[in-house]
Structure formats: C-alpha cells, structure tokens
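Novice: Enclosed is the structure file entry.cif (mmCIF, C-alpha atoms).
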```
data_target
#
loop_
_atom_site.group_PDB
_atom_site.id
_atom_site.type_symbol
_atom_site.label_atom_id
_atom_site.label_comp_id
_atom_site.auth_asym_id
_atom_site.auth_seq_id
_atom_site.Cartn_x
_atom_site.Cartn_y
_atom_site.Cartn_z
ATOM 1 C CA MET B 1 71.930 -87.322 122.851
ATOM 2 C CA PHE B 2 68.981 -85.670 121.114
ATOM 3 C CA ALA B 3 66.996 -88.905 120.890
ATOM 4 C CA TRP B 4 67.608 -89.672 124.566
ATOM 5 C CA ALA B 5 66.514 -86.180 125.653
ATOM 6 C CA PHE B 6 63.465 -86.380 123.401
ATOM 7 C CA ALA B 7 62.463 -89.716 124.909
ATOM 8 C CA ARG B 8 62.849 -88.461 128.479
ATOM 9 C CA ILE B 9 60.903 -85.248 127.838
ATOM 10 C CA SER B 10 58.157 -87.181 126.036
ATOM 11 C CA GLY B 11 57.801 -89.439 129.049
ATOM 12 C CA LEU B 12 57.568 -86.478 131.397
ATOM 13 C CA ILE B 13 54.964 -84.694 129.280
ATOM 14 C CA THR B 14 52.741 -87.756 128.920
ATOM 15 C CA ARG B 15 53.455 -88.927 132.488
ATOM 16 C CA THR B 16 54.423 -92.365 131.236
ATOM 17 C CA GLU B 17 57.662 -94.196 130.558
ATOM 18 C CA PRO B 18 59.850 -92.800 127.788
ATOM 19 C CA PRO B 19 59.144 -94.308 124.351
ATOM 20 C CA LYS B 20 61.305 -97.410 123.944
ATOM 21 C CA LEU B 21 61.860 -96.658 120.267
ATOM 22 C CA PHE B 22 63.777 -93.467 120.990
ATOM 23 C CA LEU B 23 65.685 -94.954 123.910
ATOM 24 C CA THR B 24 66.865 -97.749 121.636
ATOM 25 C CA MET B 25 67.821 -95.380 118.841
ATOM 26 C CA SER B 26 69.690 -93.124 121.237
ATOM 27 C CA ARG B 27 72.126 -95.974 121.848
ATOM 28 C CA GLN B 28 72.837 -96.385 118.129
ATOM 29 C CA ARG B 29 73.400 -93.046 116.390
ATOM 30 C CA THR B 30 73.566 -94.553 112.919
ATOM 31 C CA LEU B 31 70.194 -96.216 113.470
ATOM 32 C CA PHE B 32 68.697 -92.903 114.593
ATOM 33 C CA ARG B 33 70.055 -91.006 111.573
ATOM 34 C CA GLY B 34 68.738 -93.676 109.226
ATOM 35 C CA TRP B 35 65.345 -93.540 110.899
ATOM 36 C CA LEU B 36 65.242 -89.754 110.520
ATOM 37 C CA ARG B 37 65.726 -90.095 106.763
ATOM 38 C CA PHE B 38 63.029 -92.754 106.609
ATOM 39 C CA ALA B 39 60.588 -90.748 108.737
ATOM 40 C CA GLY B 40 61.225 -87.560 106.776
#
```
Can the structure from this file be put into structure tokens for me?

Specialist:
Amino acid sequence: MFAWAFARISGLITRTEPPKLFLTMSRQRTLFRGWLRFAG
C-alpha cells in the first residue's frame, strides 16, 4: 500500500504518470521489501 500511495503522490507532484517501478513493486510486497534493503 505504501509503494502504491508513493507512486500516485509522486505522479501528482511532478504532474506526470506515476513511476512504473513503484507501481510494479506495490503489486509484489516481497519485491518491495527486498528493494528497500538494497536501496538502503
């Protein structure tokens, strides 16, 4: 849910489409959690 909300808000702020990366990761929670560890 967090990744989906982040993607939507990012799209609104930049006045573009939401980032596809975060929309994809919002569908797969384990992928998102793994990415957070990698990005951190």

Novice: Please compute the atom CA of B:Lys20-atom CA of B:Phe6 distance, one decimal, in Å.

Specialist: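 About the pair atom CA of B:Lys20 and atom CA of B:Phe6: they are 11.3 Å apart.
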
Novice: Can you pull out the residues contacting B:Leu23? Cut-off 12 Å, using only C-alpha atoms, and skip same-chain residues under 2 positions away; I want them as number ranges by chain.

Specialist: B: 1-11, 17-21, 25-29, 31-32

Novice: Can you sort out the box for stretch 18-26 of chain B, edges along x, y and z, all listed atoms in, 8 Å on every side, with centre and edge lengths in Å to one decimal, as AutoDock Vina command-line options?

Specialist:
```
--center_x 64.4 --center_y -95.3 --center_z 123.3 --size_x 26.5 --size_y 20.9 --size_z 24.9
```
